[in-house]
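Inspection log for the structure reproduced underneath, given as C-alpha cells.
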Amino acid sequence: MWRRCAFRIMGVKGFIFGCFFILPDAEKRGALCRRLFENGIPFTEDKRGRLFIPSRCRKNAEAICTELGCSISECVNLPRIIYLNKRKYGVFAALAVCLFIFLFSMGRVWDIRVLGADETVEKALLDVLSEQGVAEGIRFSSFDLSKTENTLKAACPSAAWVNLHRRGTVLYLNVLEKEGEGDESGVPLANIVASEDCVVVEVSPDRGVARVKVGDAVRAGELLISAVHTDGTLSGAAGRVLGRVSGSVYAVCKAEETSVTSKKCGVASVRINFFNFSFNIFKNYRNFANECDIIEETKQLYLPGRISLPFSVTTERVYATEQVQIHRSETDAVRIASVRLKQALSEILPLGELESLRTVGAWTEEGYLLTAEYVQIRDVSMSVPISLRGEK
C-alpha cells in the first residue's frame, strides 16, 4: 500500500530512482524535520504523517534517525520491484508483448475513414488507395499525403475535392462530391410502351405524343407514348400510363414434403488478423462430409465508442444440409398454403391500387392449392430507347 502512496507523492522520478519513508513519533517529529532541513535532505509528508525521502539521501537520513531513535523503511524503486517479482514470468511476458505492439503500431495506419462520400465513391477511393499501397498497417512516413490526394482526384472524377489528414493512428479522407450536372443534350430518345397486357385508364404524357386513349385494350410491348411528333420532330417520350391489369397468383402446400435444413457441424478454423498478417489460433483437422458448406465470417474488434482496432477474428463454420420428410394434416396444409399466398400477394400490392380480389381453394394431386385472382390499377409504362439511323 505504501508503495502506491510513494508513487503518488514522489512521482515517476521517485518511483524509478527509489524512495523510503520515516514515521516518527509525535514528540520527535519537530526535531526530525529540523535536522533534515539543516542537512539539506528533501522530504514530502503524506496524510498519515510519513516523511518520504529520495533514496540518494538514505545514508544521511539513517544517521539522523539513529540519533533520534526513529525507524526507517526499506527502499523501494522500479528495479527492486522487478527483482522481487522476477519469477512472475507471465507479467513480464505481457509487458513485453504490450511494448512490442506499442512500438510496432506507433506511426502506423490503424484505420482509414472516408467522410462525405456515398458507398460507390467510397469504394472507388479505397480501391485507389489500395492500388497505391495505402492500407491498414502501412507507416505514415512511407507515403506522401499531397501526392496521394492528387492521385485520388485524378482517379475519381466524381470527387470535386479530396483531403487526407492524420489524426493519431487514423487516416481521414474528406471528400466533396460534384453536384449532378444536367444533360445538355436534352431528353434521351425513347418511346413509352406497355409493360404488360391491360386496359388503359389514364394517359399523362409529359413529352411526346399519346398513341392510346382511356378505355383502349393494349398488349405488352404496344406503343403508348411516341417520341416522334406528327410533323416528324423528335422530343423523346416521358409520362405515366395507368392500366387495369388482371392476373392471378397461387400457393400450394403438400401433405407430405421434403424440407432441406442446415445443421451446424462445427468450427473449421479461427484466425486472428492483425493489419496484413493472419495466424491461426484454432484448426479442426476433422474430415467433414463432402456435402458440407463452409461459411466464413469476419468480425472487427472495436473499443468503446466504436473505435476500431487493427484486430479482426475470422471464423470458418461448417454446415451440413439434410433432408427431412414432413407429414402434415389437412388443417396444417390449408393454413400453410394461406400463409404462402399472403407472401405472394405482398409482392403485388405495392404495385398499385387493388380493385378486386377473389380467392379459390381446392385439393389437387400436388396438395392444397390456393389461387387469388385480382384486378389492379398500376403503372404499365416502360421506356424503350430508340436510335436514329447511322448512330452507333
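Identifiers in this document derive from the order of the C-alpha cells: chains are assigned A, B, ..., residues are numbered from 1 separately in each chain, and ligands are numbered from 1 in order of occurrence.
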
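The residues of range 14-86 of chain A that DSSP assigns to strand (DSSP E or B) on this backbone come out as A:Cys19, A:Phe20, A:Phe21, A:Ile22, A:Thr44, A:Glu45, A:Leu51, A:Phe52, A:Ile53, A:Pro54, A:Ile72, A:Val76.
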
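When DSSP is run on the backbone, the residues of range 227-390 of chain A that fall into alpha helix (DSSP H) are A:Glu330, A:Thr331, A:Asp332, A:Ala333, A:Val334, A:Arg335, A:Ile336, A:Ala337, A:Ser338, A:Val339, A:Arg340, A:Leu341, A:Lys342, A:Gln343, A:Ala344, A:Leu345, A:Ser346.
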
Writer output for current selection, all heavy atoms, as a compact mmCIF listing (two decimals), in the first residue's frame:
```txt
# COMPACT_ATOMS: atom_id res chain seq x y z
N GLU A 330 -54.53 -32.10 -42.92
CA GLU A 330 -55.22 -31.24 -43.86
C GLU A 330 -55.36 -29.81 -43.33
O GLU A 330 -55.21 -28.84 -44.08
CB GLU A 330 -56.61 -31.82 -44.17
CG GLU A 330 -56.57 -33.13 -44.94
CD GLU A 330 -57.97 -33.60 -45.31
OE1 GLU A 330 -58.95 -32.90 -44.92
OE2 GLU A 330 -58.09 -34.63 -46.00
N THR A 331 -55.58 -29.68 -42.03
CA THR A 331 -55.70 -28.33 -41.43
C THR A 331 -54.40 -27.56 -41.55
O THR A 331 -54.39 -26.37 -41.89
CB THR A 331 -56.13 -28.46 -39.95
OG1 THR A 331 -57.33 -29.21 -39.87
CG2 THR A 331 -56.31 -27.09 -39.34
N ASP A 332 -53.28 -28.23 -41.26
CA ASP A 332 -51.98 -27.55 -41.34
C ASP A 332 -51.65 -27.19 -42.78
O ASP A 332 -51.08 -26.12 -43.06
CB ASP A 332 -50.88 -28.45 -40.77
CG ASP A 332 -50.99 -28.60 -39.26
OD1 ASP A 332 -51.61 -27.73 -38.63
OD2 ASP A 332 -50.46 -29.60 -38.73
N ALA A 333 -52.02 -28.06 -43.73
CA ALA A 333 -51.73 -27.77 -45.14
C ALA A 333 -52.49 -26.54 -45.60
O ALA A 333 -51.96 -25.69 -46.33
CB ALA A 333 -52.08 -28.98 -46.01
N VAL A 334 -53.78 -26.42 -45.21
CA VAL A 334 -54.57 -25.24 -45.59
C VAL A 334 -53.99 -23.98 -44.96
O VAL A 334 -53.88 -22.92 -45.61
CB VAL A 334 -56.04 -25.43 -45.15
CG1 VAL A 334 -56.83 -24.14 -45.36
CG2 VAL A 334 -56.68 -26.59 -45.93
N ARG A 335 -53.58 -24.07 -43.70
CA ARG A 335 -53.02 -22.89 -43.02
C ARG A 335 -51.71 -22.45 -43.67
O ARG A 335 -51.49 -21.25 -43.90
CB ARG A 335 -52.80 -23.23 -41.54
CG ARG A 335 -52.18 -22.09 -40.74
CD ARG A 335 -52.00 -22.49 -39.28
NE ARG A 335 -51.20 -23.71 -39.17
CZ ARG A 335 -49.87 -23.73 -39.19
NH1 ARG A 335 -49.20 -22.60 -39.36
NH2 ARG A 335 -49.22 -24.87 -39.08
N ILE A 336 -50.84 -23.39 -43.99
CA ILE A 336 -49.55 -23.02 -44.59
C ILE A 336 -49.74 -22.48 -46.00
O ILE A 336 -49.07 -21.53 -46.42
CB ILE A 336 -48.62 -24.25 -44.59
CG1 ILE A 336 -48.27 -24.63 -43.15
CG2 ILE A 336 -47.35 -23.97 -45.38
CD1 ILE A 336 -47.48 -25.91 -43.03
N ALA A 337 -50.68 -23.03 -46.76
CA ALA A 337 -50.96 -22.51 -48.10
C ALA A 337 -51.48 -21.08 -48.02
O ALA A 337 -51.14 -20.23 -48.86
CB ALA A 337 -51.98 -23.41 -48.81
N SER A 338 -52.27 -20.78 -47.00
CA SER A 338 -52.77 -19.42 -46.82
C SER A 338 -51.63 -18.45 -46.52
O SER A 338 -51.59 -17.32 -47.04
CB SER A 338 -53.80 -19.40 -45.69
OG SER A 338 -54.25 -18.08 -45.45
N VAL A 339 -50.69 -18.88 -45.69
CA VAL A 339 -49.53 -18.01 -45.37
C VAL A 339 -48.70 -17.76 -46.61
O VAL A 339 -48.25 -16.64 -46.88
CB VAL A 339 -48.69 -18.67 -44.25
CG1 VAL A 339 -47.39 -17.88 -44.05
CG2 VAL A 339 -49.48 -18.73 -42.95
N ARG A 340 -48.49 -18.79 -47.41
CA ARG A 340 -47.69 -18.64 -48.62
C ARG A 340 -48.38 -17.73 -49.64
O ARG A 340 -47.73 -16.97 -50.35
CB ARG A 340 -47.41 -20.01 -49.24
CG ARG A 340 -46.50 -20.88 -48.38
CD ARG A 340 -46.33 -22.27 -48.98
NE ARG A 340 -45.42 -23.07 -48.16
CZ ARG A 340 -45.15 -24.37 -48.39
NH1 ARG A 340 -45.72 -24.99 -49.42
NH2 ARG A 340 -44.32 -25.03 -47.60
N LEU A 341 -49.71 -17.81 -49.71
CA LEU A 341 -50.45 -16.93 -50.63
C LEU A 341 -50.32 -15.47 -50.20
O LEU A 341 -50.18 -14.58 -51.04
CB LEU A 341 -51.91 -17.35 -50.69
CG LEU A 341 -52.77 -16.57 -51.69
CD1 LEU A 341 -52.29 -16.81 -53.12
CD2 LEU A 341 -54.24 -16.94 -51.54
N LYS A 342 -50.37 -15.21 -48.90
CA LYS A 342 -50.21 -13.83 -48.40
C LYS A 342 -48.84 -13.29 -48.76
O LYS A 342 -48.69 -12.11 -49.11
CB LYS A 342 -50.43 -13.79 -46.90
CG LYS A 342 -51.88 -14.01 -46.47
CD LYS A 342 -52.01 -13.95 -44.95
CE LYS A 342 -53.46 -14.16 -44.53
NZ LYS A 342 -53.61 -14.14 -43.04
N GLN A 343 -47.82 -14.14 -48.67
CA GLN A 343 -46.48 -13.69 -49.04
C GLN A 343 -46.40 -13.36 -50.53
O GLN A 343 -45.74 -12.38 -50.93
CB GLN A 343 -45.46 -14.79 -48.69
CG GLN A 343 -45.29 -15.01 -47.20
CD GLN A 343 -44.35 -16.16 -46.89
OE1 GLN A 343 -44.00 -16.95 -47.77
NE2 GLN A 343 -43.94 -16.26 -45.64
N ALA A 344 -47.08 -14.16 -51.36
CA ALA A 344 -47.09 -13.87 -52.81
C ALA A 344 -47.83 -12.58 -53.11
O ALA A 344 -47.41 -11.78 -53.97
CB ALA A 344 -47.71 -15.04 -53.57
N LEU A 345 -48.95 -12.34 -52.41
CA LEU A 345 -49.71 -11.10 -52.63
C LEU A 345 -48.95 -9.88 -52.14
O LEU A 345 -49.14 -8.78 -52.67
CB LEU A 345 -51.06 -11.20 -51.92
CG LEU A 345 -52.11 -12.12 -52.56
CD1 LEU A 345 -53.33 -12.25 -51.67
CD2 LEU A 345 -52.53 -11.59 -53.94
N SER A 346 -48.12 -10.03 -51.12
CA SER A 346 -47.38 -8.88 -50.58
C SER A 346 -46.41 -8.30 -51.60
O SER A 346 -46.02 -7.14 -51.50
CB SER A 346 -46.62 -9.29 -49.31
OG SER A 346 -45.61 -10.24 -49.61
```

So which residues touch range 221-226 of chain A within 12 Å, counting only C-alpha atoms, skipping near sequence neighbours fewer than 6 positions away, as an mmCIF file with N, CA and C atoms, in the first residue's frame?
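Listed below is the output, selection-v4.cif:
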```cif
data_model
loop_
_atom_site.group_PDB
_atom_site.id
_atom_site.type_symbol
_atom_site.label_atom_id
_atom_site.label_comp_id
_atom_site.auth_asym_id
_atom_site.auth_seq_id
_atom_site.Cartn_x
_atom_site.Cartn_y
_atom_site.Cartn_z
ATOM 1 N N LEU A 189 -33.700 9.863 -76.356
ATOM 2 C CA LEU A 189 -34.705 9.403 -77.298
ATOM 3 C C LEU A 189 -35.227 8.046 -76.851
ATOM 4 N N ALA A 190 -36.543 7.988 -76.558
ATOM 5 C CA ALA A 190 -37.151 6.743 -76.104
ATOM 6 C C ALA A 190 -38.646 6.806 -76.345
ATOM 7 N N ASN A 191 -39.244 5.660 -76.548
ATOM 8 C CA ASN A 191 -40.695 5.516 -76.614
ATOM 9 C C ASN A 191 -41.205 4.902 -75.318
ATOM 10 N N ILE A 192 -42.467 5.159 -75.027
ATOM 11 C CA ILE A 192 -43.110 4.538 -73.871
ATOM 12 C C ILE A 192 -44.024 3.441 -74.397
ATOM 13 N N VAL A 193 -43.764 2.198 -73.974
ATOM 14 C CA VAL A 193 -44.571 1.064 -74.414
ATOM 15 C C VAL A 193 -45.194 0.391 -73.198
ATOM 16 N N ALA A 194 -46.146 -0.482 -73.427
ATOM 17 C CA ALA A 194 -46.837 -1.183 -72.343
ATOM 18 C C ALA A 194 -45.965 -2.315 -71.820
ATOM 19 N N SER A 195 -45.869 -2.401 -70.519
ATOM 20 C CA SER A 195 -45.068 -3.457 -69.910
ATOM 21 C C SER A 195 -45.821 -4.774 -69.803
ATOM 22 N N GLU A 196 -47.170 -4.725 -69.915
ATOM 23 C CA GLU A 196 -47.992 -5.939 -69.828
ATOM 24 C C GLU A 196 -49.367 -5.658 -70.431
ATOM 25 N N ASP A 197 -50.137 -6.711 -70.625
ATOM 26 C CA ASP A 197 -51.494 -6.567 -71.162
ATOM 27 C C ASP A 197 -52.372 -5.840 -70.149
ATOM 28 N N CYS A 198 -53.205 -4.891 -70.641
ATOM 29 C CA CYS A 198 -54.052 -4.124 -69.726
ATOM 30 C C CYS A 198 -55.101 -3.344 -70.511
ATOM 31 N N VAL A 199 -55.986 -2.678 -69.752
ATOM 32 C CA VAL A 199 -56.934 -1.711 -70.305
ATOM 33 C C VAL A 199 -56.536 -0.342 -69.771
ATOM 34 N N VAL A 200 -56.299 0.609 -70.655
ATOM 35 C CA VAL A 200 -55.806 1.933 -70.261
ATOM 36 C C VAL A 200 -56.889 2.677 -69.492
ATOM 37 N N GLU A 202 -55.703 5.734 -67.664
ATOM 38 C CA GLU A 202 -55.199 7.113 -67.569
ATOM 39 C C GLU A 202 -53.955 7.249 -68.420
ATOM 40 N N VAL A 203 -53.865 8.355 -69.191
ATOM 41 C CA VAL A 203 -52.686 8.664 -70.007
ATOM 42 C C VAL A 203 -52.236 10.066 -69.652
ATOM 43 N N SER A 204 -51.014 10.207 -69.167
ATOM 44 C CA SER A 204 -50.482 11.527 -68.759
ATOM 45 C C SER A 204 -49.111 11.710 -69.378
ATOM 46 N N PRO A 205 -49.046 12.148 -70.655
ATOM 47 C CA PRO A 205 -47.744 12.336 -71.294
ATOM 48 C C PRO A 205 -47.093 13.650 -70.863
ATOM 49 N N ASP A 206 -45.827 13.600 -70.480
ATOM 50 C CA ASP A 206 -45.044 14.806 -70.193
ATOM 51 C C ASP A 206 -44.338 15.304 -71.454
ATOM 52 N N ARG A 207 -43.875 14.383 -72.263
ATOM 53 C CA ARG A 207 -43.253 14.710 -73.548
ATOM 54 C C ARG A 207 -43.672 13.639 -74.537
ATOM 55 N N GLY A 208 -43.714 13.989 -75.781
ATOM 56 C CA GLY A 208 -44.109 13.046 -76.802
ATOM 57 C C GLY A 208 -45.606 13.112 -77.111
ATOM 58 N N VAL A 209 -46.074 12.152 -77.905
ATOM 59 C CA VAL A 209 -47.463 12.134 -78.379
ATOM 60 C C VAL A 209 -48.118 10.840 -77.907
ATOM 61 N N ALA A 210 -49.282 10.962 -77.239
ATOM 62 C CA ALA A 210 -50.012 9.780 -76.783
ATOM 63 C C ALA A 210 -50.606 9.041 -77.969
ATOM 64 N N ARG A 211 -50.422 7.742 -78.032
ATOM 65 C CA ARG A 211 -50.933 6.916 -79.120
ATOM 66 C C ARG A 211 -52.134 6.072 -78.691
ATOM 67 N N VAL A 212 -52.529 6.153 -77.413
ATOM 68 C CA VAL A 212 -53.701 5.427 -76.932
ATOM 69 C C VAL A 212 -54.565 6.390 -76.137
ATOM 70 N N LYS A 213 -55.790 5.948 -75.898
ATOM 71 C CA LYS A 213 -56.700 6.757 -75.090
ATOM 72 C C LYS A 213 -57.336 5.876 -74.022
ATOM 73 N N VAL A 214 -58.015 6.501 -73.078
ATOM 74 C CA VAL A 214 -58.634 5.773 -71.982
ATOM 75 C C VAL A 214 -59.661 4.794 -72.527
ATOM 76 N N GLY A 232 -42.870 15.087 -87.612
ATOM 77 C CA GLY A 232 -41.587 14.436 -87.827
ATOM 78 C C GLY A 232 -40.499 14.825 -86.862
ATOM 79 N N THR A 233 -40.728 15.773 -85.954
ATOM 80 C CA THR A 233 -39.723 16.178 -84.989
ATOM 81 C C THR A 233 -39.655 15.163 -83.838
ATOM 82 N N LEU A 234 -38.511 15.181 -83.160
ATOM 83 C CA LEU A 234 -38.268 14.269 -82.042
ATOM 84 C C LEU A 234 -38.150 15.061 -80.752
ATOM 85 N N SER A 235 -38.787 14.579 -79.712
ATOM 86 C CA SER A 235 -38.665 15.247 -78.407
ATOM 87 C C SER A 235 -38.377 14.261 -77.285
ATOM 88 N N GLY A 236 -38.426 12.961 -77.622
ATOM 89 C CA GLY A 236 -38.333 11.970 -76.568
ATOM 90 C C GLY A 236 -39.689 11.813 -75.904
ATOM 91 N N ALA A 237 -39.933 10.676 -75.319
ATOM 92 C CA ALA A 237 -41.226 10.408 -74.692
ATOM 93 C C ALA A 237 -41.034 10.206 -73.200
ATOM 94 N N ALA A 238 -41.971 10.794 -72.428
ATOM 95 C CA ALA A 238 -41.956 10.631 -70.985
ATOM 96 C C ALA A 238 -43.371 10.816 -70.479
ATOM 97 N N GLY A 239 -43.699 10.186 -69.398
ATOM 98 C CA GLY A 239 -45.026 10.319 -68.830
ATOM 99 C C GLY A 239 -45.437 9.071 -68.088
ATOM 100 N N ARG A 240 -46.727 9.018 -67.715
ATOM 101 C CA ARG A 240 -47.246 7.885 -66.963
ATOM 102 C C ARG A 240 -48.529 7.397 -67.611
ATOM 103 N N VAL A 241 -48.642 6.072 -67.706
ATOM 104 C CA VAL A 241 -49.852 5.443 -68.227
ATOM 105 C C VAL A 241 -50.290 4.401 -67.208
ATOM 106 N N LEU A 242 -51.519 4.565 -66.715
ATOM 107 C CA LEU A 242 -52.088 3.604 -65.776
ATOM 108 C C LEU A 242 -52.987 2.647 -66.526
ATOM 109 N N GLY A 243 -52.907 1.358 -66.159
ATOM 110 C CA GLY A 243 -53.727 0.356 -66.808
ATOM 111 C C GLY A 243 -54.367 -0.581 -65.805
ATOM 112 N N ASP A 379 -49.068 1.319 -62.845
ATOM 113 C CA ASP A 379 -48.312 1.967 -63.921
ATOM 114 C C ASP A 379 -47.767 0.894 -64.855
ATOM 115 N N VAL A 380 -48.140 0.987 -66.122
ATOM 116 C CA VAL A 380 -47.715 -0.012 -67.108
ATOM 117 C C VAL A 380 -46.751 0.588 -68.125
ATOM 118 N N SER A 381 -46.279 1.814 -67.898
ATOM 119 C CA SER A 381 -45.387 2.454 -68.869
ATOM 120 C C SER A 381 -43.962 1.948 -68.698
ATOM 121 N N MET A 382 -43.315 1.692 -69.821
ATOM 122 C CA MET A 382 -41.939 1.217 -69.835
ATOM 123 C C MET A 382 -41.186 1.965 -70.934
ATOM 124 N N SER A 383 -40.068 2.558 -70.578
ATOM 125 C CA SER A 383 -39.278 3.345 -71.524
ATOM 126 C C SER A 383 -38.378 2.424 -72.341
ATOM 127 N N VAL A 384 -38.444 2.558 -73.663
ATOM 128 C CA VAL A 384 -37.636 1.758 -74.578
ATOM 129 C C VAL A 384 -36.819 2.720 -75.442
ATOM 130 N N PRO A 385 -35.500 2.782 -75.277
ATOM 131 C CA PRO A 385 -34.675 3.690 -76.084
ATOM 132 C C PRO A 385 -34.779 3.365 -77.573
ATOM 133 N N ILE A 386 -34.697 4.428 -78.381
ATOM 134 C CA ILE A 386 -34.671 4.252 -79.838
ATOM 135 C C ILE A 386 -33.408 4.929 -80.361
#
```

What's around Lys283 in chain A at 10 Å? Count only C-alpha atoms, leave out sequence neighbours fewer than 6 positions away in its own chain, and write the answer as number ranges by chain.
A: 267-271, 316

Range 361-376 of chain A surroundings by only C-alpha atoms, 6 Å radius, close-in-sequence under 2 positions cut, as a ChimeraX atom specification
/A:244-254,353-359

Residues within 9 Å of range 130-141 of chain A, only C-alpha atoms, excluding chain neighbours under 6 positions, as a ChimeraX atom specification
/A:105-112,148,151,166,169,171,274-276,310

Take the residues from that selection and write them out as an mmCIF file, in the first residue's frame, keeping N, CA and C atoms.
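The result, stored in result28.cif:
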```
data_model
loop_
_atom_site.group_PDB
_atom_site.id
_atom_site.type_symbol
_atom_site.label_atom_id
_atom_site.label_comp_id
_atom_site.auth_asym_id
_atom_site.auth_seq_id
_atom_site.Cartn_x
_atom_site.Cartn_y
_atom_site.Cartn_z
ATOM 1 N N SER A 105 2.928 -0.512 -33.645
ATOM 2 C CA SER A 105 1.771 0.239 -34.159
ATOM 3 C C SER A 105 1.983 1.748 -34.151
ATOM 4 N N MET A 106 2.968 2.218 -33.408
ATOM 5 C CA MET A 106 3.205 3.659 -33.328
ATOM 6 C C MET A 106 3.652 4.190 -34.694
ATOM 7 N N GLY A 107 2.929 5.158 -35.210
ATOM 8 C CA GLY A 107 3.266 5.734 -36.508
ATOM 9 C C GLY A 107 2.701 4.972 -37.678
ATOM 10 N N ARG A 108 1.804 3.999 -37.423
ATOM 11 C CA ARG A 108 1.186 3.234 -38.497
ATOM 12 C C ARG A 108 -0.296 3.567 -38.628
ATOM 13 N N VAL A 109 -0.856 3.251 -39.782
ATOM 14 C CA VAL A 109 -2.280 3.475 -40.043
ATOM 15 C C VAL A 109 -3.070 2.316 -39.436
ATOM 16 N N TRP A 110 -3.891 2.630 -38.455
ATOM 17 C CA TRP A 110 -4.749 1.610 -37.848
ATOM 18 C C TRP A 110 -6.088 1.522 -38.565
ATOM 19 N N ASP A 111 -6.580 2.636 -39.056
ATOM 20 C CA ASP A 111 -7.909 2.659 -39.655
ATOM 21 C C ASP A 111 -7.961 3.761 -40.701
ATOM 22 N N ILE A 112 -8.770 3.539 -41.756
ATOM 23 C CA ILE A 112 -8.992 4.536 -42.812
ATOM 24 C C ILE A 112 -10.471 4.852 -42.827
ATOM 25 N N THR A 148 -0.782 11.611 -52.733
ATOM 26 C CA THR A 148 -1.918 10.682 -52.697
ATOM 27 C C THR A 148 -3.220 11.409 -52.974
ATOM 28 N N THR A 151 -3.501 11.924 -56.695
ATOM 29 C CA THR A 151 -3.828 10.665 -57.354
ATOM 30 C C THR A 151 -5.309 10.342 -57.224
ATOM 31 N N ARG A 166 -4.073 13.176 -41.024
ATOM 32 C CA ARG A 166 -3.845 12.159 -39.992
ATOM 33 C C ARG A 166 -4.302 12.681 -38.645
ATOM 34 N N THR A 169 -3.594 7.512 -35.067
ATOM 35 C CA THR A 169 -3.284 6.393 -35.952
ATOM 36 C C THR A 169 -4.381 6.176 -36.990
ATOM 37 N N LEU A 171 -6.282 7.488 -40.525
ATOM 38 C CA LEU A 171 -6.148 8.286 -41.738
ATOM 39 C C LEU A 171 -7.545 8.688 -42.195
ATOM 40 N N PHE A 274 -4.173 -9.278 -37.932
ATOM 41 C CA PHE A 274 -3.547 -8.074 -37.392
ATOM 42 C C PHE A 274 -2.886 -7.339 -38.536
ATOM 43 N N PHE A 275 -3.493 -6.189 -38.921
ATOM 44 C CA PHE A 275 -3.064 -5.474 -40.120
ATOM 45 C C PHE A 275 -3.109 -6.449 -41.306
ATOM 46 N N ASN A 276 -1.966 -6.672 -41.973
ATOM 47 C CA ASN A 276 -1.937 -7.568 -43.127
ATOM 48 C C ASN A 276 -1.462 -8.967 -42.760
ATOM 49 N N PRO A 310 -6.927 -2.643 -34.927
ATOM 50 C CA PRO A 310 -6.353 -3.321 -36.092
ATOM 51 C C PRO A 310 -6.443 -4.840 -35.979
#
```

Coordinates-based distance that separates CA of Pro42 in chain A from CA of Glu67 in chain A (Å, one decimal)
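Rounded to one decimal, the two atoms are 18.6 Å apart.
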
Residues at most 10 Å from Ser259 in chain A, counting only C-alpha atoms, excluding those fewer than 4 positions away in the same chain, as a PyMOL selection string?
chain A and resi 322-326

Tell me which of A:Ser312, A:Ser142, A:Ser262, A:Thr298 sits closest to Phe277 in chain A, counting only C-alpha atoms.
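Answer, going by the shortest atom-to-atom distance: A:Ser312.
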
Counting only C-alpha atoms, the option among A:Ala227, A:Ile81, A:Phe100, A:Ala160 closest to Gly116 in chain A
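Ranking A:Ala227, A:Ile81, A:Phe100, A:Ala160 by distance to Gly116 in chain A, first place goes to A:Ala160.
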
For CA of Gln300 in chain A and CA of Asn273 in chain A, quote the distance in Å rounded to one decimal.
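One can read the CA of Gln300 in chain A to CA of Asn273 in chain A distance as 9.3 Å.
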
Quick one: distance from CA of Leu145 in chain A to CA of Leu99 in chain A in Å, one decimal?
28.4 Å
